[in-house]
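**Student:** Dumping the structure here so I can ask a few things about it.
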Amino acid sequence: MISRQLLVLVLVRQGLMTLLAGAAVASVPRFLLLMPGESGRDAGVLLASAVLVGGSLSALQVVGVVRSRRRLLRALERRDRPLDQIQLPKLNDDPWLIVNAWVVMTTLAVVLSMAVLRPASIPPSAAPTLGLFGTIIVAGLSLPLLVLVRAQFVRLMERVPPDVMADIIDAQVRSGRLRGRTSRRLLSAILTPVAFLAIGSALIAGAHVRESGATATLESAVLAARVALPREGGPSDLALAALAHHGFQVSSVPEQLQPGMTMRQGLVTQVTPLAAGSLRLEYWQRTEWPIDLITVVLLVMVVALAGFVGLSLGRLLSRDLRMANRGVLTLGTDAALEGTRVMRPARIRVVIELGDAIELLANRFRLFAQAQERSIDARESATRARGRFFASVSHDLKSPLNAILGFAELCQREPDLNQHQRESLDLIVKRGRELLAMIETILDAARVEAGQLRLELGEVQALDLLEGAVSKARDLSSAEDTMVTMEVPPDVPPLVVDELRMAQALATLVGHALRTAERGNLRILVDAEEKPQAPSLKRRKVAIHIEVPSTSFSAQELEAMLSPERHPGQHRGVALALRLAKSIIELHGGALKVVGRTVSEPAFAVELRARAGR
């Protein structure tokens with residue numbers, strides 16, 4: 001499950017970073033701040049324990065964040081549910097929420113451990129330094145933790161469909177939430193490590209300087225005591241007064257003590273062997289802050305300089321990214337297609353590479369647009385030439401064909417014709433009419449392509465229109481045996497169409513159904529949209545379904561015949577007539593499509609609009 005996988009991966013990465021932070025703060029007192037003996041060991045253990053406690057508490061917050069996004073993560077995993085576009089942008093903010101909670105919890109645990117749980121072996125003067133150093137280490141490790149956690153959430157956001165992500169980004173841009181975010185994040189990325197290095201270096205240097213000064217002071221005091229004190233007898237009053245003036249307490253012990261230095265609660269004790277007995281020198285460690293005023297001023301200047309650099313780079317990067325975003329949005333527009341440069345020169349190397357890619361893509365768009373324009377011009381020229389050719393040829397064929405049909409009809413009136421002569425003349429007339437209808441189809445197709453077909457609209461009843469279409473279809477198909485059943489409800493409103501053109505278009509559809517019919521019955525069904533209760537000028541929709549009772553043509557083949565982008569192969573003549581019928585229907589504001597009225601038989605569905613207010 002994706003939510004469980006995300007939870008485990010984030011907890012593992014946060015746990016590893018917590019262990020690394022604990023190991024780092026455990027080594028700080030003894031190796032970096034030079035705290036000797038028991039005090040350094042206790043300080044390291046206390047800091048490491050505080051970091052582990054803070055990291056464990058922040059793990060509960062990770063569980064809560066992942067559980068609150070469980071429904072969204074499940075939708076991303078299955079990809080069969082709509083995504084919550086309110087919750088999706090929060091996936092981008094969840095890594096910051098998790099890392100900030102880790103920093104706050106761990107820092108709070110470190111500060112409380114130094115303020116409340118500090119053991120007696122740690123001097124009070126060392127507690128602020130230890131707490132500050134532990135806080136800096138935690139803050140420095142938050143950046144790699146953010147990178148690791150954010151990588152997991154980025155993989156999740158890659159599952160979001162591009163169109164949904166584009167809508168979310170547009171909404172974020174319009175709301176202004178993305179404004180300044182790049183500058184702030186770049187400022188944080190630069191300022192945090194600089195502050196970590198500067199403050200940490202100052203603390204380490206101050207600790208070393210203080211330790212070196214304390215050691216030199218103790219060594220000077222021991223040497224002075226050895227010189228000033230006699231080898232026999234107790235120390236002189238003059239020597240004690242001189243050492244006390246510098247903060248030392250010296251006492252001579254007759255027995256031999258173990259030499260060395262110990263420190264407890266800020267009291268430093270140095271034992272030095274003498275010829276007779278031992279010399280014990282006690283010194284209270286100074287409690288002043290390990291960083292002086294000059295160092296503080298230098299730290300402020302360094303941090304301010306890092307902040308200025310971060311803000312400058314952030315603004316520069318934000319400006320380049322906004323320019324790149326505008327360049328992407330400009331792709332495909334008239335300005336880009338006309339050859340205008342999409343992007344100005346950028347200053348950030350990554351944005352420069354992005355700008356080069358955008359310019360390359362813009363050039364590809366220009367080449368594609370130019371090729372497309374040439375293709376459109378060539379297609380329009382070919383269409384116009386074909387229309388002129390069809391119109392010329394059709395006119396040349398129509399005149400002699402009308403003469404043939406007229407002479408054949410005159411011959412049919414002769415009373416002395418025998419049966420064979422009448423059948424031959426009937427065949428000539430029928431085929432001639434079919435050829436004349438084909439010529440009219442070619443002429444109308446040429447007019448439609450040239451945009452010269454004019455409609456004469458008028459009101460006509462749906463039943464009268466269908467009867468005229470069926471009569472023309474029988475003349476074209478010669479299918480006298482197939483029964484046509486028309487189911488027209490009585491409340492169908494009148495249609496506003498060009499009766500001649502619409503009857504011809506419907507006749508083409510009915511004629512195709514009659515020619516390919518494999519049973520003796522053809523149904524034409526008419527459905528009308530329900531009339532609204534209140535008076536309205538809205539035009540009601542009327543649907544005419546013409547069944548095709550044949551398995552010779554599938555619904556996909558009929559769709560291909562209606563589409564000019566496809567090539568139905570051997571059915572080019574039928575396809576031309578069907579496409580012309582579709583064009584005439586669309587000129588009336590209607591639509592023609594193929595639907596599956598039954599399991600094995602498709603049907604033509606013609607949608608038209610009735611008279612307003614009926």
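Residues are referred to by chain and number: the chain letter is A, B, ... according to the order shown in the structure tokens, the number counts from 1 in that chain, and ligands are numbered separately from 1 in the order shown.
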Mind checking which residues fall within 10 Å of Val429 in chain A, counting only C-alpha atoms, ignoring those fewer than 2 positions away in the same chain, and posting them as a PyMOL selection string?

**Tutor:** chain A and resi 404-409+412+423-427+431-435

**Student:** Which one is closest to Ala610 in chain A: A:Arg540, A:Arg579, A:Arg454, A:Arg159? Count only C-alpha atoms.

**Tutor:**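 Result for the nearest residue to Ala610 in chain A: A:Arg540.
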
**Student:** Residues near Leu146 in chain A, anyone? I mean within 12 Å using only C-alpha atoms, not counting same-chain ones fewer than 2 positions away, as a PyMOL selection string.

**Tutor:** chain A and resi 10+13-14+17+92-103+139-144+148-154+185+188-189

**Student:** Mind writing the picked residues with C-alpha atoms as a PDB file, in the first residue's frame?

**Tutor:**
```pdb
ATOM      1  CA  VAL A  10       9.985   8.703   5.800  1.00  0.00           C
ATOM      2  CA  ARG A  13      15.130   8.480   6.807  1.00  0.00           C
ATOM      3  CA  GLN A  14      14.134  10.566   9.808  1.00  0.00           C
ATOM      4  CA  MET A  17      19.098  11.517  10.568  1.00  0.00           C
ATOM      5  CA  ASN A  92       4.057  19.921  -1.523  1.00  0.00           C
ATOM      6  CA  ASP A  93       3.984  21.428   1.988  1.00  0.00           C
ATOM      7  CA  ASP A  94       4.051  18.173   3.969  1.00  0.00           C
ATOM      8  CA  PRO A  95       7.880  17.714   3.750  1.00  0.00           C
ATOM      9  CA  TRP A  96       8.383  21.162   5.280  1.00  0.00           C
ATOM     10  CA  LEU A  97       5.835  20.362   7.973  1.00  0.00           C
ATOM     11  CA  ILE A  98       7.583  17.085   8.840  1.00  0.00           C
ATOM     12  CA  VAL A  99      11.109  18.555   8.903  1.00  0.00           C
ATOM     13  CA  ASN A 100      10.058  21.654  10.870  1.00  0.00           C
ATOM     14  CA  ALA A 101       8.364  19.431  13.447  1.00  0.00           C
ATOM     15  CA  TRP A 102      11.568  17.354  13.725  1.00  0.00           C
ATOM     16  CA  VAL A 103      13.681  20.479  14.236  1.00  0.00           C
ATOM     17  CA  ALA A 139      19.319  22.838  12.141  1.00  0.00           C
ATOM     18  CA  GLY A 140      22.204  21.925   9.829  1.00  0.00           C
ATOM     19  CA  LEU A 141      21.030  18.331   9.441  1.00  0.00           C
ATOM     20  CA  SER A 142      17.485  19.496   8.652  1.00  0.00           C
ATOM     21  CA  LEU A 143      18.500  20.378   5.067  1.00  0.00           C
ATOM     22  CA  PRO A 144      19.563  16.856   4.007  1.00  0.00           C
ATOM     23  CA  LEU A 148      15.340  12.985   1.479  1.00  0.00           C
ATOM     24  CA  VAL A 149      11.735  13.447   2.625  1.00  0.00           C
ATOM     25  CA  ARG A 150      10.805  15.710  -0.264  1.00  0.00           C
ATOM     26  CA  ALA A 151      12.140  13.154  -2.767  1.00  0.00           C
ATOM     27  CA  GLN A 152       9.513  10.659  -1.548  1.00  0.00           C
ATOM     28  CA  PHE A 153       6.671  13.166  -1.904  1.00  0.00           C
ATOM     29  CA  VAL A 154       7.870  14.228  -5.372  1.00  0.00           C
ATOM     30  CA  ARG A 185      13.664  28.444   0.072  1.00  0.00           C
ATOM     31  CA  SER A 188      16.997  29.083   3.799  1.00  0.00           C
ATOM     32  CA  ALA A 189      19.303  26.782   1.823  1.00  0.00           C
TER      33      ALA A 189
END
```

**Student:** Assign secondary structure with DSSP using the backbone only, and return the residues of range 21-218 of chain A in alpha helix (DSSP H) as a ChimeraX atom specification.

**Tutor:** /A:21-27,37-68,70-78,90-115,127-157,162-175,181-218

**Student:** Taking into account only C-alpha atoms, which residue in the set A:Arg539, A:Arg78, A:Arg30, A:Arg70 is nearest to Leu130 in chain A?

**Tutor:**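 Ranked by minimum distance to Leu130 in chain A, first place goes to A:Arg30.
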
**Student:** Mind pulling up the distance from CA of Arg69 in chain A to CA of Ala166 in chain A?

**Tutor:**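 Going from CA of Ala166 in chain A over to CA of Arg69 in chain A covers 20.7 Å.
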
**Student:** Considering only C-alpha atoms, state which residue in the set A:Leu463, A:Thr295, A:Arg609, A:Arg384 is at the smallest distance from Ile585 in chain A.

**Tutor:**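 Among the listed residues, the smallest separation from Ile585 in chain A belongs to A:Arg609.
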
**Student:** Please determine, counting only C-alpha atoms, which residue among A:Leu500, A:Met35, A:Met486, A:Leu76 has the shortest atom-to-atom distance to Val470 in chain A.

**Tutor:**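 Of all the options, A:Met486 lies closest to Val470 in chain A.
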
**Student:** Could you check the closest approach to Leu321 in chain A for each of A:Gly355, A:Pro400, A:Gly134, A:Gly54 and tell me which residue wins, using only C-alpha atoms?

**Tutor:**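 Between A:Gly355, A:Pro400, A:Gly134, A:Gly54, the residue approaching Leu321 in chain A most closely is A:Gly355.
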
**Student:** Kindly give the distance, in Å, that separates CA of Gly596 in chain A and CA of Val548 in chain A, rounded to a single decimal.

**Tutor:**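 Between these atoms lies a distance of 9.8 Å.
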
**Student:** As an exercise, work out the distance from CA of Asp396 in chain A to CA of Leu436 in chain A in Å and give it to one decimal place.

**Tutor:**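 So the answer is 11.9 Å.
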
**Student:** Find the residues around range 510-514 of chain A up to 9 Å (only C-alpha atoms counted), leave out those fewer than 2 positions away in its own chain, and share them as an MDAnalysis selection string.

**Tutor:** chainID A and resid 469:470 472:479 482 484 505:508 516:518 522 524 546:550 574 578 603

**Student:** Based on the selection just made, write C-alpha atoms of those residues as an mmCIF file, in the first residue's frame.

**Tutor:**
```cif
data_model
loop_
_atom_site.group_PDB
_atom_site.id
_atom_site.type_symbol
_atom_site.label_atom_id
_atom_site.label_comp_id
_atom_site.auth_asym_id
_atom_site.auth_seq_id
_atom_site.Cartn_x
_atom_site.Cartn_y
_atom_site.Cartn_z
ATOM 1 C CA ALA A 469 -37.423 10.649 -48.094
ATOM 2 C CA VAL A 470 -38.620 7.020 -48.238
ATOM 3 C CA LYS A 472 -36.922 9.005 -53.033
ATOM 4 C CA ALA A 473 -34.972 6.210 -51.363
ATOM 5 C CA ARG A 474 -37.084 3.548 -53.100
ATOM 6 C CA ASP A 475 -36.391 5.194 -56.450
ATOM 7 C CA LEU A 476 -32.656 5.107 -55.708
ATOM 8 C CA SER A 477 -32.434 1.624 -54.223
ATOM 9 C CA SER A 478 -35.022 -0.332 -56.263
ATOM 10 C CA ALA A 479 -35.947 -2.154 -53.057
ATOM 11 C CA THR A 482 -38.652 -4.174 -48.071
ATOM 12 C CA VAL A 484 -40.555 0.512 -44.066
ATOM 13 C CA ALA A 505 -30.114 13.648 -47.089
ATOM 14 C CA LEU A 506 -32.546 11.333 -45.291
ATOM 15 C CA ALA A 507 -33.212 9.509 -48.555
ATOM 16 C CA THR A 508 -29.493 8.777 -48.859
ATOM 17 C CA THR A 516 -28.100 -3.504 -47.626
ATOM 18 C CA ALA A 517 -31.202 -4.833 -45.795
ATOM 19 C CA GLU A 518 -31.045 -8.550 -44.943
ATOM 20 C CA LEU A 522 -36.871 -1.490 -41.876
ATOM 21 C CA ILE A 524 -37.532 4.438 -38.599
ATOM 22 C CA ILE A 546 -32.852 4.831 -39.132
ATOM 23 C CA GLU A 547 -31.946 1.200 -38.544
ATOM 24 C CA VAL A 548 -29.541 -0.598 -40.891
ATOM 25 C CA PRO A 549 -30.793 -4.224 -40.850
ATOM 26 C CA SER A 550 -27.583 -5.682 -42.237
ATOM 27 C CA VAL A 574 -21.387 5.317 -50.864
ATOM 28 C CA LEU A 578 -23.204 9.636 -46.792
ATOM 29 C CA ALA A 603 -28.434 2.658 -36.860
#
```

**Student:** Could you tell me which of A:Glu456, A:Glu158, A:Glu467, A:Glu529 comes closest to Val492 in chain A if we count only C-alpha atoms?

**Tutor:** A:Glu529
